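Take a look at the structure set out below.
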Amino acid sequence: MYHKEKSIPIKNSASALYNNLGVLRIAPRRLTYFTVVHANVVNMVSASWDGLNYSHRQLQSKEPNVATSASLIMQAAFCSLQSRELLVVTSQKGIQMYESDGSIMVYWHALDTPETTTAQAVFARGISAVPENYICVGVSSGSILVFDVPSKGTNISLSEVLDEHKESITDMASECSGSQECIADLVSADDGGNLCVWKSGEEFQLLHKIHGFDMSCSSVKLWKGTVVAGYGTGQIRLYEAVTGILHAEVNAHARWINSLDIAPFSGLLLSAGEDSLVRVWLLNLTPETNSVEIAHLHNECVTDTQICGAKFCDSDGYAFAVTGYDLGCHESPLPRVGAAGAGWRETVQD
Amino acid sequence: MSSRTLPLLFINLGGEMLYILDQRLRAQNIPADKAKKVMNDIITTMFNKKFLEELFKPQELYSKKALRTVFDRLAHASIMRLNQASMDKLYDLMTMAFKYQVLLCPRPKDILLVSFNHMDAIKDFVKDTPSILGQVDETYQQLIEMYTPMCSGEFQLIRQTLLIFFQDMHIRVSIFLKDKVQNSNGRFVLPISGPVPHGTQVPGLIRMFSCTGEEVNRLKFTNGGNYAAATREGSFEIFGDRVTKLGTNMYSVSRPVETHMSGTSKSSAQKTKVNAAPNPLAKEELNLLAKLMGRLEEPNPGNADSGFRVNLFATDEEEEEALISRPDELSYGVLKIQATKDLQANAELAKIMGEFTVSGDQSPSASSKGDDLLAMMDGL
């Protein structure tokens, strides 16, 4: 169903984090940006579609104007809003927002860090754009920061703080189908596996809270009103967002799931975990019967690799890319092992 | 990231160090009484009450250099001496072993079981010495108190923090290569077979439900691996069967331990990035720790009569050769400890310093910026 393509080189290996791959397709310029976090650095590579040109950039998590030691980055993700795209980077010290090519930092928000180190870790993690003009970021305390983003310029401001979760935020996602009919705009997940479903606005409204089962939900997606959640047990669950009704439960992976992605036009779902496996599924929604089905389509094993990021490269799911812990640019007799970002493309039947 | 990582890193690395030293002491036919003294001295220092108090405080992980320095001091806490090449090799083995254990842990929480395996073995090393046993038992309590209430996500954060510490280390260890748990390119083998972790189901089942919660359909799919159901869970108490073999002594059968320097990663770009801005606070912490470790109640470790050297290589020539041929990017660069003016200002540290009897003046010597505290202690 998919065949392996040439791997994309990145400057450093990927760190073991949740959702450690960002992808932004720039169709007019026929290239795609990829971001992979390595400790306190975001590695960006801009890859031309013909596979011939790669250009690299590295972003560090240093605070502007402060000469303290760099802090570790938890996540980097592209946020696509109506009129602009930003790259958001979250770390132990705060939140940085860059223009999507990483060239200029447009905003910095510092987290409240206590003077002496506390037992509870402090960091920001969980990033989602919420159309039309919000970017939401989660915090280790369980709070969600809602930023108001103007269509251009640096006048970004903190609009609201949502305090529903009591455990560290792991991931967040907004409705990605593009459908105007969906009531729920955002879903947030935490270390206890709790999921909160929100409606965006000047004041975000909590629509529903789905209680966890004491197991971290590390990756979450929202598509056509369905929450897709991946857990540390290797299970994937599908819930109806506004009611919390469980549609399906999949014993998907043999280890912790680190990444989920959905191709919004086709309903393809990608899941990847520490068990070295990437799996492709198909979601099927029947609005008349309000039923949601999930079917398994494909497996891909990235040998001896704990996968920490997996994303489709396009909205149809024709191709996907994967990063794994310790996979980096290094000399090796086997070209495919030497790569950091491994790519697969759908095999076209003749 | 997680501020609770250091105790686990230290105890597990310390445990591996003891396994290796125990094997080398026997392989070199060191007299039993001397070998026992070395093991006891090191374990006593590892579990020094004040030291552990510092260790268990919430804090970020030390840099690689700083931690290596701590273990340098620990290895020399007794009458045993190690040359640079042997110390390098010892540290390589320790770190690769723990990296392997962290990676292979089926669940992040299992790192605690690995730690208990190390603790159980340490307890066995000192079972004839009640004073040290007491210290070890107290540490069990501290571990249980601190870690058993943690949720899965917090353990995963600890694991992620450890994996950042071990990032890009691919030193080949002959025992791992022989057992086929490591590939010739230095990467560990991650099997897609065997029992799934406790709490996980074997992949392969999709269940779909109606709005009222009834199961309406079941689908199976091929999982691409060869998995079995989970085994029983290991014990998180002071005594108990840990079930996992990770963290147990793999050197029990006398096998020569070699590391291979060739074929490891040449890209050292990220090495400088991560250590870019040396954190002065970490140095201060290290200073305190190194000082605490120097508080030995045992006789002067510099006594030439009972001292002896341990070699981690088969011959002295091999050891010398290893030192010369070690690639630059793999050198650990041990930190030089210097007492800063701040130390005197800090009341708590000054109090502990006061428990030291330091002869001679404390003003900076002509040749260095500040006092070299370790040198002072060695001269006592």
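All residue names refer to the structure tokens as shown: chains lettered A, B, ... in order, residues numbered from 1 in each chain, ligands numbered from 1 in order.
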Notebook entry, point to check: Which chain A residues are at most 8 Å from chain B (counting only C-alpha atoms), as an NGL selection string?
Noted result: :A and (12-13 or 15-17 or 39-41 or 68-70 or 72 or 92 or 117-123 or 191-192 or 214-216 or 232-235 or 245-256 or 275-276 or 291 or 293-296 or 299 or 301 or 303-305 or 326 or 329-332)
For A:Val23: contacts at 9 Å, only C-alpha atoms, fewer than 3 positions along chain excluded, given as a compact mmCIF listing (two decimals) with all heavy atoms, in the first residue's frame:
```
# COMPACT_ATOMS: atom_id res chain seq x y z
N THR A 32 8.10 21.19 1.30
CA THR A 32 7.49 20.86 2.59
C THR A 32 8.49 21.12 3.69
O THR A 32 9.68 20.79 3.56
CB THR A 32 7.07 19.37 2.62
OG1 THR A 32 6.20 19.11 1.53
CG2 THR A 32 6.36 19.02 3.92
N TYR A 33 8.03 21.75 4.76
CA TYR A 33 8.87 21.95 5.95
C TYR A 33 8.64 20.79 6.91
O TYR A 33 7.51 20.37 7.13
CB TYR A 33 8.49 23.23 6.71
CG TYR A 33 8.74 24.52 6.00
CD1 TYR A 33 7.92 25.62 6.24
CD2 TYR A 33 9.80 24.68 5.12
CE1 TYR A 33 8.13 26.83 5.62
CE2 TYR A 33 10.02 25.89 4.48
CZ TYR A 33 9.19 26.96 4.73
OH TYR A 33 9.40 28.16 4.11
N PHE A 34 9.74 20.31 7.51
CA PHE A 34 9.64 19.32 8.58
C PHE A 34 10.36 19.88 9.80
O PHE A 34 11.42 20.50 9.67
CB PHE A 34 10.33 18.01 8.17
CG PHE A 34 9.68 17.33 7.01
CD1 PHE A 34 10.08 17.59 5.70
CD2 PHE A 34 8.65 16.42 7.21
CE1 PHE A 34 9.48 16.96 4.62
CE2 PHE A 34 8.05 15.78 6.13
CZ PHE A 34 8.45 16.05 4.83
N THR A 35 9.80 19.63 10.99
CA THR A 35 10.51 20.03 12.21
C THR A 35 10.63 18.82 13.13
O THR A 35 9.68 18.06 13.31
CB THR A 35 9.76 21.13 13.00
OG1 THR A 35 8.46 20.67 13.31
CG2 THR A 35 9.68 22.42 12.22
N ALA A 77 5.36 22.67 16.68
CA ALA A 77 4.27 22.33 15.77
C ALA A 77 3.90 23.54 14.93
O ALA A 77 3.96 24.68 15.39
CB ALA A 77 3.05 21.84 16.55
N PHE A 78 3.49 23.28 13.69
CA PHE A 78 3.00 24.34 12.83
C PHE A 78 1.54 24.61 13.14
O PHE A 78 0.77 23.68 13.36
CB PHE A 78 3.14 23.94 11.35
CG PHE A 78 4.55 23.89 10.88
CD1 PHE A 78 5.20 22.68 10.71
CD2 PHE A 78 5.26 25.07 10.62
CE1 PHE A 78 6.52 22.63 10.29
CE2 PHE A 78 6.58 25.03 10.19
CZ PHE A 78 7.21 23.81 10.02
N LYS A 311 3.55 11.67 10.72
CA LYS A 311 2.56 12.60 10.15
C LYS A 311 2.38 12.34 8.67
O LYS A 311 3.34 12.01 7.97
CB LYS A 311 3.04 14.04 10.34
CG LYS A 311 2.80 14.60 11.72
CD LYS A 311 2.29 16.02 11.66
CE LYS A 311 1.46 16.40 12.85
NZ LYS A 311 2.14 16.26 14.12
N PHE A 312 1.15 12.55 8.20
CA PHE A 312 0.91 12.55 6.77
C PHE A 312 1.53 13.81 6.18
O PHE A 312 1.58 14.85 6.83
CB PHE A 312 -0.60 12.54 6.47
CG PHE A 312 -1.24 11.21 6.70
CD1 PHE A 312 -2.22 11.07 7.68
CD2 PHE A 312 -0.89 10.10 5.94
CE1 PHE A 312 -2.83 9.83 7.90
CE2 PHE A 312 -1.50 8.86 6.15
CZ PHE A 312 -2.47 8.73 7.13
N CYS A 313 2.00 13.72 4.94
CA CYS A 313 2.63 14.89 4.31
C CYS A 313 1.64 15.70 3.49
O CYS A 313 1.97 16.74 2.94
CB CYS A 313 3.77 14.43 3.40
SG CYS A 313 5.05 13.61 4.33
N ASP A 314 0.41 15.20 3.37
CA ASP A 314 -0.60 15.90 2.57
C ASP A 314 -1.97 15.54 3.12
O ASP A 314 -2.12 14.57 3.86
CB ASP A 314 -0.49 15.48 1.10
CG ASP A 314 -0.66 13.98 0.95
OD1 ASP A 314 0.35 13.25 1.06
OD2 ASP A 314 -1.81 13.52 0.79
N ALA A 321 5.51 10.69 6.85
CA ALA A 321 6.91 10.75 7.31
C ALA A 321 6.96 10.36 8.78
O ALA A 321 5.98 10.50 9.51
CB ALA A 321 7.48 12.14 7.12
```
Next item on the list: Mind listing the strand (DSSP E) residues of stretch 75-236 of chain A, per DSSP on the backbone, as a PyMOL selection string?
Entry: chain A and resi 75-80+85-91+94-99+105-110+124-130+134-139+144-148+157-162+169-174+186-190+195-199+205-210+217-223+226-231+235-236
Item checked: Atom pair atom CA of A:Ile307 / atom CA of B:Ala97: separation (Å) -> 21.2 Å
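Atom CA of B:Lys49 lies 27.0 Å from atom CA of B:Leu246.
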Next item on the list: Would you kindly return, as a list in words, each protein, DNA or RNA residue with an atom no farther than 9 Å from any atom of B:Ile42, considering only C-alpha atoms and excluding same-chain residues fewer than 3 positions away?
Entry: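 Listed by chain and then number, they are Leu18, Lys37, Val38, Met39, Thr45, Met46, Phe47, Leu74, Ala75, His76, Ala77 and Ser78 of chain B.
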Note to self: Env of A:His109: 7 Å cut, atoms = only C-alpha atoms, seq-sep filter 2 positions within chain, self excluded. Answer as a PyMOL selection string.
What the structure shows: chain A and resi 94-96+107+111
Next item on the list: Quick one: pull the distance between atom CA of B:Tyr251 and atom CA of B:Thr148, Å, one decimal.
Entry: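 Computed distance, atom CA of B:Tyr251 to atom CA of B:Thr148, equals 29.0 Å.
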Margin query: Just want the 10 Å neighbourhood of stretch 198-212 of chain A, counted on only C-alpha atoms, with same-chain residues fewer than 3 positions away dropped. Output as a ChimeraX atom specification.
Written below: /A:130-134,146,148,159-162,164-165,174,182-195,215-217,231,239-246
Same residues, N, CA, C and O atoms, output as a compact mmCIF listing (two decimals), in the first residue's frame:
```txt
# COMPACT_ATOMS: atom_id res chain seq x y z
N VAL A 130 -6.54 27.06 16.56
CA VAL A 130 -8.00 26.94 16.53
C VAL A 130 -8.52 28.08 15.66
O VAL A 130 -8.42 29.25 16.06
N PRO A 131 -9.02 27.74 14.46
CA PRO A 131 -9.52 28.80 13.60
C PRO A 131 -10.64 29.59 14.29
O PRO A 131 -11.35 29.01 15.11
N GLU A 132 -10.81 30.87 14.05
CA GLU A 132 -10.10 31.57 13.02
C GLU A 132 -8.74 32.11 13.47
O GLU A 132 -7.81 32.21 12.67
N ASN A 133 -8.62 32.47 14.69
CA ASN A 133 -7.43 33.23 15.08
C ASN A 133 -6.88 32.92 16.46
O ASN A 133 -6.35 33.80 17.14
N TYR A 134 -7.00 31.67 16.90
CA TYR A 134 -6.44 31.33 18.21
C TYR A 134 -5.33 30.30 18.08
O TYR A 134 -5.36 29.44 17.23
N VAL A 146 -4.74 30.37 25.96
CA VAL A 146 -5.36 30.70 24.67
C VAL A 146 -4.78 32.03 24.20
O VAL A 146 -4.91 33.04 24.90
N ASP A 148 -4.54 35.03 21.30
CA ASP A 148 -5.26 35.67 20.21
C ASP A 148 -4.22 36.12 19.19
O ASP A 148 -3.29 36.84 19.54
N SER A 159 -5.24 35.58 25.65
CA SER A 159 -6.65 35.98 25.72
C SER A 159 -7.34 35.35 26.93
O SER A 159 -8.18 35.97 27.57
N GLU A 160 -6.97 34.10 27.24
CA GLU A 160 -7.70 33.39 28.29
C GLU A 160 -6.84 32.25 28.83
O GLU A 160 -5.95 31.76 28.12
N VAL A 161 -7.10 31.85 30.07
CA VAL A 161 -6.44 30.66 30.62
C VAL A 161 -7.54 29.70 31.04
O VAL A 161 -8.42 30.05 31.84
N LEU A 162 -7.52 28.49 30.49
CA LEU A 162 -8.55 27.50 30.80
C LEU A 162 -8.01 26.55 31.84
O LEU A 162 -6.98 25.93 31.65
N GLU A 164 -9.26 23.56 33.42
CA GLU A 164 -10.13 22.41 33.65
C GLU A 164 -9.35 21.15 34.02
O GLU A 164 -9.76 20.38 34.87
N HIS A 165 -8.21 20.97 33.34
CA HIS A 165 -7.40 19.78 33.62
C HIS A 165 -6.62 19.96 34.91
O HIS A 165 -6.19 21.07 35.24
N SER A 174 -7.37 20.55 17.04
CA SER A 174 -8.60 21.22 16.65
C SER A 174 -9.29 20.42 15.54
O SER A 174 -8.66 19.56 14.91
N CYS A 182 -19.45 21.23 12.62
CA CYS A 182 -19.03 20.65 13.89
C CYS A 182 -19.10 21.68 15.01
O CYS A 182 -18.65 22.81 14.86
N ILE A 183 -19.64 21.25 16.11
CA ILE A 183 -19.80 22.15 17.25
C ILE A 183 -18.48 22.28 18.00
O ILE A 183 -18.08 23.35 18.44
N ALA A 184 -17.81 21.14 18.16
CA ALA A 184 -16.57 21.12 18.94
C ALA A 184 -15.42 21.63 18.09
O ALA A 184 -15.24 21.23 16.95
N ASP A 185 -14.64 22.54 18.67
CA ASP A 185 -13.51 23.13 17.96
C ASP A 185 -12.16 22.59 18.40
O ASP A 185 -11.19 22.60 17.64
N LEU A 186 -12.09 22.18 19.68
CA LEU A 186 -10.78 21.82 20.25
C LEU A 186 -10.94 20.67 21.23
O LEU A 186 -11.93 20.60 21.97
N VAL A 187 -9.97 19.76 21.23
CA VAL A 187 -9.92 18.73 22.27
C VAL A 187 -8.55 18.79 22.93
O VAL A 187 -7.53 19.00 22.27
N SER A 188 -8.52 18.65 24.26
CA SER A 188 -7.26 18.66 24.99
C SER A 188 -7.16 17.37 25.80
O SER A 188 -8.17 16.84 26.27
N ALA A 189 -5.92 16.86 25.93
CA ALA A 189 -5.70 15.59 26.63
C ALA A 189 -4.65 15.78 27.71
O ALA A 189 -3.79 16.65 27.60
N ASP A 190 -4.72 14.93 28.76
CA ASP A 190 -3.74 15.05 29.84
C ASP A 190 -3.16 13.71 30.27
O ASP A 190 -3.50 12.65 29.74
N ASP A 191 -2.26 13.78 31.26
CA ASP A 191 -1.53 12.61 31.75
C ASP A 191 -2.42 11.58 32.42
O ASP A 191 -1.99 10.45 32.64
N GLY A 192 -3.64 11.95 32.78
CA GLY A 192 -4.54 10.99 33.41
C GLY A 192 -5.45 10.36 32.37
O GLY A 192 -6.31 9.55 32.69
N GLY A 193 -5.26 10.77 31.09
CA GLY A 193 -6.13 10.25 30.04
C GLY A 193 -7.44 11.00 29.93
O GLY A 193 -8.34 10.59 29.18
N ASN A 194 -7.57 12.11 30.67
CA ASN A 194 -8.81 12.89 30.58
C ASN A 194 -8.82 13.74 29.32
O ASN A 194 -7.79 14.26 28.90
N LEU A 195 -10.00 13.84 28.71
CA LEU A 195 -10.14 14.61 27.47
C LEU A 195 -11.19 15.69 27.69
O LEU A 195 -12.28 15.41 28.18
N MET A 215 -4.51 6.33 32.65
CA MET A 215 -3.40 6.07 31.74
C MET A 215 -3.26 7.28 30.84
O MET A 215 -4.24 7.75 30.26
N SER A 216 -2.05 7.77 30.70
CA SER A 216 -1.78 8.97 29.92
C SER A 216 -2.28 8.84 28.48
O SER A 216 -2.09 7.82 27.84
N CYS A 217 -2.91 9.91 27.99
CA CYS A 217 -3.26 9.98 26.58
C CYS A 217 -2.22 10.88 25.93
O CYS A 217 -2.20 12.08 26.17
N TYR A 231 -3.14 6.10 23.64
CA TYR A 231 -2.76 6.00 25.05
C TYR A 231 -1.43 5.28 25.27
O TYR A 231 -0.93 4.58 24.39
N TYR A 239 -14.09 8.56 20.32
CA TYR A 239 -15.23 9.05 21.08
C TYR A 239 -16.00 10.06 20.26
O TYR A 239 -15.42 10.80 19.46
N GLU A 240 -17.29 10.16 20.51
CA GLU A 240 -18.04 11.27 19.93
C GLU A 240 -17.76 12.47 20.83
O GLU A 240 -17.99 12.41 22.03
N ALA A 241 -17.27 13.55 20.23
CA ALA A 241 -16.73 14.65 21.03
C ALA A 241 -17.75 15.26 22.00
O ALA A 241 -17.48 15.40 23.19
N VAL A 242 -18.92 15.65 21.47
CA VAL A 242 -19.83 16.42 22.33
C VAL A 242 -20.53 15.58 23.39
O VAL A 242 -20.99 16.10 24.40
N THR A 243 -20.66 14.26 23.15
CA THR A 243 -21.38 13.44 24.12
C THR A 243 -20.46 12.55 24.93
O THR A 243 -20.82 12.07 26.00
N GLY A 244 -19.27 12.30 24.42
CA GLY A 244 -18.37 11.40 25.12
C GLY A 244 -18.67 9.94 24.90
O GLY A 244 -18.09 9.07 25.56
N ILE A 245 -19.57 9.62 23.98
CA ILE A 245 -19.92 8.22 23.70
C ILE A 245 -18.72 7.53 23.06
O ILE A 245 -18.12 8.05 22.12
N LEU A 246 -18.40 6.33 23.57
CA LEU A 246 -17.27 5.56 23.02
C LEU A 246 -17.74 4.83 21.77
O LEU A 246 -18.64 3.99 21.82
```
